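J.: What follows is structure.cif; its format and atoms are mmCIF, C-alpha atoms.
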data_entry
loop_
_atom_site.label_atom_id
_atom_site.label_comp_id
_atom_site.auth_asym_id
_atom_site.auth_seq_id
_atom_site.Cartn_x
_atom_site.Cartn_y
_atom_site.Cartn_z
CA MET A 1 -50.57 -21.62 -37.88
CA ASN A 2 -50.92 -19.57 -41.07
CA LYS A 3 -48.28 -17.21 -42.46
CA SER A 4 -49.82 -13.99 -41.15
CA SER A 5 -50.02 -15.44 -37.63
CA ILE A 6 -46.37 -16.38 -37.78
CA ALA A 7 -45.50 -12.90 -38.98
CA ILE A 8 -47.42 -11.31 -36.12
CA VAL A 9 -45.77 -13.55 -33.56
CA ALA A 10 -42.36 -12.80 -35.04
CA LEU A 11 -43.03 -9.06 -34.95
CA LEU A 12 -44.20 -9.24 -31.33
CA ALA A 13 -41.11 -11.24 -30.42
CA LEU A 14 -38.90 -8.64 -32.06
CA ILE A 15 -40.62 -5.79 -30.21
CA GLY A 16 -40.53 -7.84 -27.03
CA GLY A 17 -36.82 -8.46 -27.47
CA PHE A 18 -36.09 -4.77 -27.97
CA SER A 19 -38.26 -3.91 -24.96
CA ILE A 20 -36.38 -6.31 -22.72
CA SER A 21 -32.99 -5.04 -23.76
CA TRP A 22 -34.16 -1.45 -23.26
CA VAL A 23 -35.28 -2.31 -19.72
CA ILE A 24 -31.99 -4.06 -18.97
CA SER A 25 -29.91 -1.18 -20.18
CA SER A 26 -31.83 1.51 -18.37
CA ASN A 27 -33.46 0.62 -15.08
CA LYS A 28 -32.61 -2.50 -13.23
CA PRO A 29 -29.39 -3.83 -11.77
CA ILE A 30 -28.02 -6.56 -13.97
CA GLU A 31 -27.72 -9.92 -12.32
CA LEU A 32 -24.30 -11.43 -12.71
CA GLU A 33 -23.11 -14.87 -11.70
CA ALA A 34 -21.92 -13.73 -8.29
CA GLY A 35 -23.56 -10.35 -7.76
CA LEU A 36 -25.24 -7.30 -9.22
CA TRP A 37 -23.99 -4.63 -11.62
CA PHE A 38 -25.77 -1.31 -11.60
CA GLY A 39 -24.86 -0.26 -15.14
CA GLU A 40 -26.29 3.19 -15.83
CA GLN A 41 -27.60 3.38 -12.28
CA ALA A 42 -24.15 3.55 -10.71
CA ARG A 43 -24.22 6.17 -7.92
CA ALA A 44 -21.58 8.81 -7.34
CA LEU A 45 -19.77 8.40 -4.03
CA PRO A 46 -19.73 11.27 -1.57
CA GLU A 47 -16.47 12.90 -0.55
CA PHE A 48 -14.69 10.91 2.14
CA GLU A 49 -11.22 10.64 3.64
CA LEU A 50 -9.54 7.52 4.99
CA VAL A 51 -5.88 6.72 5.54
CA ASP A 52 -4.37 3.63 3.96
CA HIS A 53 -1.85 1.25 5.52
CA SER A 54 1.11 3.15 4.12
CA GLY A 55 -0.15 6.41 5.59
CA GLN A 56 -1.52 7.84 2.33
CA VAL A 57 -4.88 9.53 2.06
CA LEU A 58 -7.57 7.40 0.45
CA ASN A 59 -10.42 9.49 -0.90
CA ARG A 60 -12.83 9.69 -3.79
CA THR A 61 -10.16 10.97 -6.15
CA SER A 62 -7.88 8.06 -5.25
CA LEU A 63 -10.48 5.68 -6.66
CA THR A 64 -10.82 7.31 -10.08
CA GLY A 65 -9.24 5.65 -13.09
CA LYS A 66 -9.53 2.06 -11.88
CA TRP A 67 -12.04 -0.53 -10.75
CA SER A 68 -12.01 -0.95 -6.98
CA LEU A 69 -13.33 -3.76 -4.83
CA MET A 70 -13.92 -2.96 -1.19
CA PHE A 71 -14.54 -5.29 1.71
CA PHE A 72 -15.35 -4.02 5.19
CA GLY A 73 -14.27 -5.84 8.33
CA TYR A 74 -11.69 -5.86 11.14
CA THR A 75 -8.42 -7.67 11.75
CA HIS A 76 -9.54 -9.36 14.99
CA CYS A 77 -12.15 -11.20 12.93
CA PRO A 78 -11.20 -14.89 12.91
CA ASP A 79 -13.73 -16.26 10.45
CA ILE A 80 -15.46 -14.08 7.83
CA CYS A 81 -12.74 -11.53 7.08
CA PRO A 82 -9.88 -13.98 6.51
CA ALA A 83 -12.19 -16.13 4.36
CA SER A 84 -13.33 -13.14 2.28
CA LEU A 85 -9.82 -11.77 1.82
CA GLN A 86 -8.61 -15.20 0.82
CA THR A 87 -11.44 -15.42 -1.72
CA MET A 88 -10.53 -12.01 -3.14
CA SER A 89 -6.91 -13.05 -3.46
CA ASP A 90 -7.94 -16.27 -5.22
CA MET A 91 -10.24 -14.19 -7.40
CA VAL A 92 -7.61 -11.76 -8.67
CA GLN A 93 -5.26 -14.62 -9.39
CA ALA A 94 -8.00 -16.37 -11.37
CA ILE A 95 -8.42 -13.44 -13.77
CA GLU A 96 -6.92 -14.47 -17.06
CA ASP A 97 -7.05 -11.17 -18.93
CA PRO A 98 -3.98 -9.18 -17.77
CA ASP A 99 -5.65 -5.87 -18.70
CA VAL A 100 -8.56 -6.67 -16.41
CA ALA A 101 -6.22 -7.69 -13.58
CA ALA A 102 -4.22 -4.49 -14.01
CA ALA A 103 -7.37 -2.38 -13.81
CA LEU A 104 -8.43 -3.80 -10.41
CA ARG A 105 -7.57 -2.61 -6.93
CA VAL A 106 -8.66 -4.42 -3.77
CA TYR A 107 -9.23 -2.54 -0.53
CA PHE A 108 -9.89 -3.87 2.97
CA ILE A 109 -11.56 -1.15 5.01
CA SER A 110 -11.44 -1.66 8.75
CA VAL A 111 -14.51 -0.59 10.68
CA ASP A 112 -12.53 -1.05 13.92
CA PRO A 113 -10.19 1.96 13.89
CA ASP A 114 -9.34 1.68 17.60
CA ARG A 115 -7.48 -1.57 17.13
CA ASP A 116 -6.62 -1.47 13.44
CA ASN A 117 -3.97 1.17 12.88
CA ALA A 118 -1.83 1.44 9.74
CA GLU A 119 0.79 -1.02 11.00
CA VAL A 120 -1.75 -3.69 11.94
CA LEU A 121 -3.54 -3.24 8.61
CA ALA A 122 -0.31 -3.44 6.63
CA SER A 123 0.69 -6.83 8.01
CA TYR A 124 -2.89 -8.13 7.76
CA VAL A 125 -3.81 -7.27 4.17
CA THR A 126 -0.41 -8.02 2.68
CA TYR A 127 -0.58 -11.47 4.28
CA PHE A 128 -3.40 -12.28 1.85
CA ASN A 129 -2.00 -10.47 -1.17
CA PRO A 130 0.91 -8.02 -1.40
CA ASP A 131 -1.10 -5.80 -3.78
CA PHE A 132 -4.05 -5.31 -1.42
CA THR A 133 -4.54 -2.03 0.42
CA GLY A 134 -5.88 -1.66 3.94
CA ALA A 135 -7.44 1.56 5.14
CA THR A 136 -9.42 3.00 8.00
CA ALA A 137 -10.54 6.23 9.65
CA ILE A 138 -12.31 7.35 12.81
CA MET A 139 -15.98 6.37 12.88
CA GLU A 140 -17.24 9.82 11.89
CA LYS A 141 -15.09 9.67 8.76
CA LEU A 142 -16.00 6.07 7.94
CA LYS A 143 -19.74 6.65 8.03
CA PRO A 144 -20.08 8.82 4.89
CA LEU A 145 -18.44 6.07 2.86
CA THR A 146 -20.11 3.06 4.45
CA ARG A 147 -23.55 4.66 4.41
CA SER A 148 -23.28 5.48 0.73
CA LEU A 149 -22.37 1.86 0.01
CA GLY A 150 -25.12 0.36 2.14
CA ILE A 151 -22.54 -1.20 4.45
CA ALA A 152 -23.73 -1.54 8.03
CA HIS A 153 -21.30 -1.92 10.93
CA ASP A 154 -21.51 -1.81 14.69
CA ILE A 155 -19.27 -2.13 17.74
CA ARG A 156 -20.71 -4.00 20.73
CA ASN A 157 -19.66 -4.96 24.23
CA LYS A 158 -16.83 -2.51 24.39
CA ILE A 159 -15.75 -2.16 28.00
CA GLU A 160 -13.09 0.20 29.29
CA GLY A 161 -9.83 -1.66 29.81
CA ASN A 162 -10.93 -4.77 27.91
CA PRO A 163 -9.33 -5.06 24.47
CA GLY A 164 -11.83 -7.72 23.39
CA TYR A 165 -15.15 -6.59 21.93
CA ASP A 166 -17.49 -7.48 19.09
CA VAL A 167 -17.56 -5.88 15.67
CA ASP A 168 -20.48 -6.63 13.39
CA HIS A 169 -20.30 -5.76 9.70
CA SER A 170 -21.93 -6.39 6.36
CA SER A 171 -20.14 -8.98 4.29
CA ALA A 172 -20.87 -7.65 0.81
CA ILE A 173 -17.95 -6.81 -1.47
CA VAL A 174 -18.68 -3.55 -3.27
CA LEU A 175 -17.50 -2.55 -6.73
CA ILE A 176 -16.55 1.04 -7.54
CA ASN A 177 -16.02 2.08 -11.16
CA PRO A 178 -13.31 4.39 -12.59
CA ASN A 179 -15.67 7.37 -12.12
CA ALA A 180 -15.68 6.65 -8.36
CA GLU A 181 -19.29 5.53 -8.54
CA PHE A 182 -20.86 2.68 -6.56
CA ALA A 183 -21.25 0.31 -9.49
CA GLY A 184 -21.98 -3.16 -8.14
CA LEU A 185 -22.22 -5.58 -5.29
CA PHE A 186 -21.13 -9.17 -4.59
CA GLY A 187 -23.00 -10.81 -1.74
CA ALA A 188 -21.76 -13.57 0.55
CA PRO A 189 -20.95 -16.41 0.18
CA HIS A 190 -18.27 -15.24 -2.24
CA ASP A 191 -17.22 -17.43 -5.13
CA ALA A 192 -13.75 -16.49 -6.34
CA LEU A 193 -14.06 -17.97 -9.83
CA ALA A 194 -17.56 -16.61 -10.47
CA MET A 195 -16.45 -13.15 -9.31
CA ALA A 196 -13.40 -13.35 -11.59
CA ARG A 197 -15.68 -14.05 -14.54
CA ASP A 198 -18.09 -11.29 -13.59
CA LEU A 199 -15.34 -8.71 -13.18
CA THR A 200 -13.83 -9.71 -16.51
CA ARG A 201 -17.23 -9.22 -18.15
CA ILE A 202 -17.73 -5.82 -16.54
CA VAL A 203 -14.25 -4.45 -17.19
CA GLU A 204 -14.06 -5.79 -20.74
CA TYR A 205 -17.53 -4.46 -21.51
CA ASN A 206 -16.63 -0.95 -20.43
CA MET B 207 -14.33 -68.97 43.93
CA ILE B 208 -14.32 -65.71 41.97
CA THR B 209 -10.97 -65.03 40.40
CA SER B 210 -9.61 -61.50 40.28
CA ARG B 211 -9.86 -61.58 36.50
CA LEU B 212 -13.53 -62.52 36.56
CA SER B 213 -14.26 -59.89 39.16
CA LEU B 214 -12.53 -57.31 36.97
CA VAL B 215 -14.67 -58.35 34.01
CA LEU B 216 -17.81 -58.20 36.16
CA LEU B 217 -16.76 -54.78 37.40
CA LEU B 218 -16.36 -53.49 33.84
CA ILE B 219 -19.65 -54.99 32.65
CA PHE B 220 -21.62 -53.51 35.51
CA SER B 221 -19.64 -50.31 35.72
CA PRO B 222 -21.71 -47.18 35.16
CA ILE B 223 -18.75 -45.60 33.44
CA ALA B 224 -19.34 -45.39 29.71
CA LEU B 225 -17.04 -42.74 28.36
CA ALA B 226 -18.42 -40.81 25.43
CA GLU B 227 -16.19 -40.49 22.44
CA LEU B 228 -16.43 -38.20 19.47
CA GLU B 229 -14.60 -38.46 16.20
CA PHE B 230 -12.91 -35.34 14.87
CA ARG B 231 -12.32 -35.21 11.13
CA ASP B 232 -10.04 -32.83 9.22
CA PRO B 233 -9.34 -30.44 12.10
CA TRP B 234 -7.59 -27.33 10.79
CA ILE B 235 -6.70 -23.81 11.81
CA LYS B 236 -6.68 -20.88 9.38
CA ASN B 237 -3.31 -19.18 9.62
CA LEU B 238 -3.06 -15.42 10.13
CA PRO B 239 -0.10 -13.08 10.64
CA ALA B 240 1.43 -12.90 14.11
CA SER B 241 -0.06 -9.41 14.65
CA VAL B 242 -3.56 -10.91 14.82
CA PRO B 243 -4.40 -12.30 18.29
CA VAL B 244 -7.02 -14.84 17.16
CA ARG B 245 -7.26 -17.86 14.93
CA ALA B 246 -10.30 -19.76 13.67
CA GLY B 247 -10.45 -23.54 13.94
CA TYR B 248 -12.65 -25.83 11.88
CA MET B 249 -13.49 -29.57 11.78
CA THR B 250 -16.26 -32.10 11.40
CA ILE B 251 -17.39 -33.70 14.65
CA LEU B 252 -19.07 -37.10 14.49
CA ASN B 253 -21.05 -38.75 17.26
CA SER B 254 -21.67 -42.39 16.38
CA GLN B 255 -23.13 -43.23 19.76
CA SER B 256 -26.74 -43.74 20.71
CA GLU B 257 -26.73 -40.79 23.11
CA ALA B 258 -26.22 -37.10 22.38
CA VAL B 259 -22.84 -35.74 23.45
CA SER B 260 -22.06 -32.12 24.25
CA ILE B 261 -18.80 -30.22 24.18
CA VAL B 262 -18.75 -27.98 27.24
CA SER B 263 -15.29 -26.45 26.97
CA LEU B 264 -11.97 -26.54 25.16
CA ARG B 265 -8.46 -25.60 26.13
CA SER B 266 -4.93 -25.73 24.79
CA ASN B 267 -1.38 -24.87 25.74
CA ALA B 268 -1.15 -23.15 22.38
CA PHE B 269 -3.86 -20.53 23.16
CA THR B 270 -4.99 -18.64 26.26
CA SER B 271 -8.59 -19.68 25.62
CA ILE B 272 -10.80 -21.37 23.06
CA GLU B 273 -14.50 -20.74 22.57
CA ILE B 274 -17.02 -22.02 20.07
CA HIS B 275 -18.68 -19.25 18.04
CA GLN B 276 -21.20 -19.12 15.27
CA THR B 277 -21.24 -16.52 12.52
CA ILE B 278 -24.82 -15.40 11.93
CA GLU B 279 -26.41 -12.68 9.83
CA GLN B 280 -28.60 -10.15 11.58
CA ASP B 281 -29.80 -6.73 10.36
CA GLY B 282 -27.65 -7.08 7.26
CA MET B 283 -24.51 -7.63 9.31
CA MET B 284 -22.41 -10.65 10.15
CA ARG B 285 -21.88 -11.15 13.84
CA MET B 286 -20.44 -13.87 16.05
CA GLU B 287 -22.35 -15.49 18.87
CA GLN B 288 -20.76 -17.73 21.44
CA VAL B 289 -22.02 -21.29 21.73
CA THR B 290 -21.33 -22.39 25.31
CA ASN B 291 -22.57 -25.93 24.91
CA LEU B 292 -22.28 -27.63 21.53
CA LYS B 293 -24.58 -30.63 21.37
CA ILE B 294 -23.95 -33.35 18.82
CA GLU B 295 -27.02 -35.58 18.54
CA SER B 296 -26.69 -39.34 18.44
CA ASN B 297 -25.56 -40.71 15.09
CA SER B 298 -25.04 -37.19 13.79
CA SER B 299 -22.28 -34.83 12.83
CA VAL B 300 -21.70 -31.12 13.26
CA HIS B 301 -19.59 -29.13 10.82
CA LEU B 302 -17.40 -26.24 11.84
CA ALA B 303 -16.61 -24.42 8.59
CA PRO B 304 -15.88 -20.85 7.38
CA GLY B 305 -18.96 -18.65 7.60
CA GLY B 306 -20.63 -20.75 10.29
CA LEU B 307 -19.60 -22.54 13.46
CA HIS B 308 -15.93 -22.17 14.30
CA LEU B 309 -13.48 -22.37 17.18
CA MET B 310 -12.34 -18.93 18.27
CA MET B 311 -8.81 -19.56 19.48
CA MET B 312 -7.39 -16.62 21.38
CA ASN B 313 -3.87 -15.35 21.83
CA PRO B 314 -1.63 -17.95 20.22
CA SER B 315 1.35 -18.52 22.51
CA GLU B 316 3.63 -18.49 19.48
CA PRO B 317 3.36 -17.24 15.89
CA THR B 318 1.72 -19.94 13.81
CA GLN B 319 2.96 -21.30 10.48
CA PRO B 320 1.21 -23.46 7.91
CA GLY B 321 2.05 -27.06 8.73
CA ASP B 322 2.17 -26.58 12.51
CA LEU B 323 0.28 -29.20 14.50
CA LEU B 324 -1.39 -27.76 17.59
CA GLU B 325 -3.06 -29.90 20.22
CA ILE B 326 -6.30 -28.98 21.93
CA LEU B 327 -8.32 -30.70 24.64
CA VAL B 328 -12.05 -31.06 24.14
CA VAL B 329 -14.06 -31.47 27.35
CA LEU B 330 -17.36 -33.33 27.10
CA ASP B 331 -20.44 -33.16 29.28
CA ASP B 332 -19.59 -36.42 30.97
CA GLY B 333 -16.34 -34.92 32.16
CA SER B 334 -14.11 -36.86 29.77
CA GLU B 335 -11.51 -35.15 27.63
CA GLN B 336 -10.30 -35.87 24.15
CA ARG B 337 -7.13 -34.65 22.48
CA VAL B 338 -7.40 -33.30 18.97
CA GLU B 339 -4.46 -32.38 16.81
CA MET B 340 -5.19 -29.49 14.49
CA GLN B 341 -3.13 -28.55 11.46
CA VAL B 342 -2.42 -24.92 10.68
CA MET B 343 -3.15 -24.17 7.03
CA LYS B 344 -2.62 -21.10 4.89
#
Could I get this structure in the form of structure tokens?

T.:
Amino acid sequence: MNKSSIAIVALLALIGGFSISWVISSNKPIELEAGLWFGEQARALPEFELVDHSGQVLNRTSLTGKWSLMFFGYTHCPDICPASLQTMSDMVQAIEDPDVAAALRVYFISVDPDRDNAEVLASYVTYFNPDFTGATAIMEKLKPLTRSLGIAHDIRNKIEGNPGYDVDHSSAIVLINPNAEFAGLFGAPHDALAMARDLTRIVEYN
Amino acid sequence: MITSRLSLVLLLIFSPIALAELEFRDPWIKNLPASVPVRAGYMTILNSQSEAVSIVSLRSNAFTSIEIHQTIEQDGMMRMEQVTNLKIESNSSVHLAPGGLHLMMMNPSEPTQPGDLLEILVVLDDGSEQRVEMQVMK
């Protein structure tokens, strides 16, 4: 290859490099080790109102000023929910940067309000980590939040007088930024260490 | 003259009874607070015999009932489906692990603690039963 060819290739590479970084910073979700970060495309959450396990209101304003991770499930769930909460507890403990750890809040949102009252939620979430917060609301109040986060949930086989029924729910862990915007998503299966690294990257970057 | 010992041996050789036996490795139960009325049980089940063996039911004094469930994803949601007959093919193993197949163990008779050993009975399709000791883990 002669010198002018090399120069042209180098120039194209430079332009190409700038183009790629422009695309990354503007349009597409950024792929992390364990999930996706929406960057500039983070979406504002609608107004919503839940009640947490200590009886306090949990709404959009409550989420401002910190990075929040939310997982949706129910306490009668024997398999997925305990595993996911355990992973989130392992994850926060794996974060080495104390500033990152201090900026995080973990929420378990029950999509089974009939069985999961504040007392049930309190003993459940604190079993996994004393700093976790449980919250719920009646279905009509849950929907604005879950819909905006792309979280599907459904109650099946509920029969009058029978306390046992099925609750289906998405298993994604959602990330909400300090502006109370839907900022990212960690799909199942959840890897505690990979999530810890991703969250450190995101929080330190911002 | 056929001795009683010989006749016993002949009886065993020609007996149609061949009890199936499964091996249960690392059986454990995920602990949860006492306010939660279910626990999940996990293990690896090995069938080293030349015939398939099925688990048709389970029971325990430590729970009111035990079912086998599978966590599956459908329409973007995780849901559990009951498996009423768990078949383990010959010379195969089946894994019960978080996110997949698991024992759904209902209404523990007592609060569980990590380290507890709880016994369950596994009933096979040939009618035989096997005891399995499961350890409660955090």

J.: With all atoms listed in the file as the counted atoms, please give the residues lying no more than 7 Å from range 57-68 of chain A, apart from itself and same-chain residues fewer than 4 positions off, as a list in words.

T.: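 Neighbouring residues, sequence-local ones excluded: Glu47, Phe48, Glu49, Leu50, Val51, Asp52, Ala103, Leu104, Arg105, Val106, Leu175, Ile176, Asn177, Pro178, Asn179 and Ala180 of chain A.
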
J.: What is the CA of His53 in chain A to CA of Cys81 in chain A distance in Å?

T.: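 For CA of His53 in chain A relative to CA of Cys81 in chain A, the distance reads 16.9 Å.
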
J.: Write down, as a PyMOL selection string, each residue of chain B that has any atom within 8 Å of an atom of chain A, counting only C-alpha atoms.

T.: chain B and resi 238-239+241-246+277+282-286+304-305+308+310

J.: Quick check on the file I pasted: which residues fall under the PyMOL selection byres ((chain B and resi 229) around 8)? Write them as a list in words.

T.: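 With the shown file as input, the PyMOL selection byres ((chain B and resi 229) around 8) matches Glu227, Leu228, Phe230, Arg231, Ile251, Leu252 and Asn253 of chain B.
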
J.: Just how far from CA of Tyr74 in chain A is CA of Arg265 in chain B, in Å to one decimal?

T.: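 Computing the Euclidean distance for CA of Arg265 in chain B and CA of Tyr74 in chain A yields 25.0 Å.
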
J.: Work out how far apart CA of Gly39 in chain A and CA of Arg147 in chain A are and give it in Å to one decimal.

T.: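 Interatomic distance, CA of Gly39 in chain A to CA of Arg147 in chain A: 20.2 Å.
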
J.: Using the chain letters and numbering of this document, enumerate as a list of chain:residue names the residues selected by the PyMOL selection byres ((chain A and resi 107-109) around 6).

T.: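 This file, filtered by the PyMOL selection byres ((chain A and resi 107-109) around 6), leaves A:Met70, A:Phe71, A:Phe72, A:Val106, A:Ser110, A:Phe132, A:Thr133, A:Gly134, A:Ala135, A:Thr136.
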
J.: Hey, what's within 12 Å of Val262 in chain B if we count only C-alpha atoms and toss same-chain stuff fewer than 5 positions away? As a VMD selection string, please?

T.: chain B and resid 272 to 274 288 to 294 327 to 336

J.: Is it possible to get the axis-aligned box enclosing range 69-81 of chain A (all listed atoms, 4 Å extra per side) as AutoDock Vina command-line options, with centre and edge lengths in Å rounded to one decimal?

T.:
--center_x -11.9 --center_y -9.6 --center_z 5.1 --size_x 15.0 --size_y 21.3 --size_z 27.8

J.: To test your reading of the syntax: which residues would the PyMOL selection byres ((chain A and resi 88) around 9) return for the file shown? Reply as a PyMOL selection string.

T.: chain A and resi 69+83-87+89-93+106+128-129+190-192+195

J.: Determine, counting only C-alpha atoms, which protein, DNA and RNA residues have an atom within 6 Å of an atom of Met249 in chain B; residues of the same chain fewer than 6 positions away are not included. Present the result as a PDB file with C-alpha atoms, keeping the file's coordinate frame.

T.:
ATOM      1  CA  ARG B 231     -12.320 -35.210  11.130  1.00  0.00           C
ATOM      2  CA  ASP B 232     -10.040 -32.830   9.220  1.00  0.00           C
ATOM      3  CA  PRO B 233      -9.340 -30.440  12.100  1.00  0.00           C
ATOM      4  CA  LEU B 302     -17.400 -26.240  11.840  1.00  0.00           C
TER       5      LEU B 302
END

J.: Hey, which of A:Tyr165, A:Glu31, A:Asp112, A:Asn206 ends up closest to Glu287 in chain B? Count all atoms listed in the file.

T.: A:Tyr165
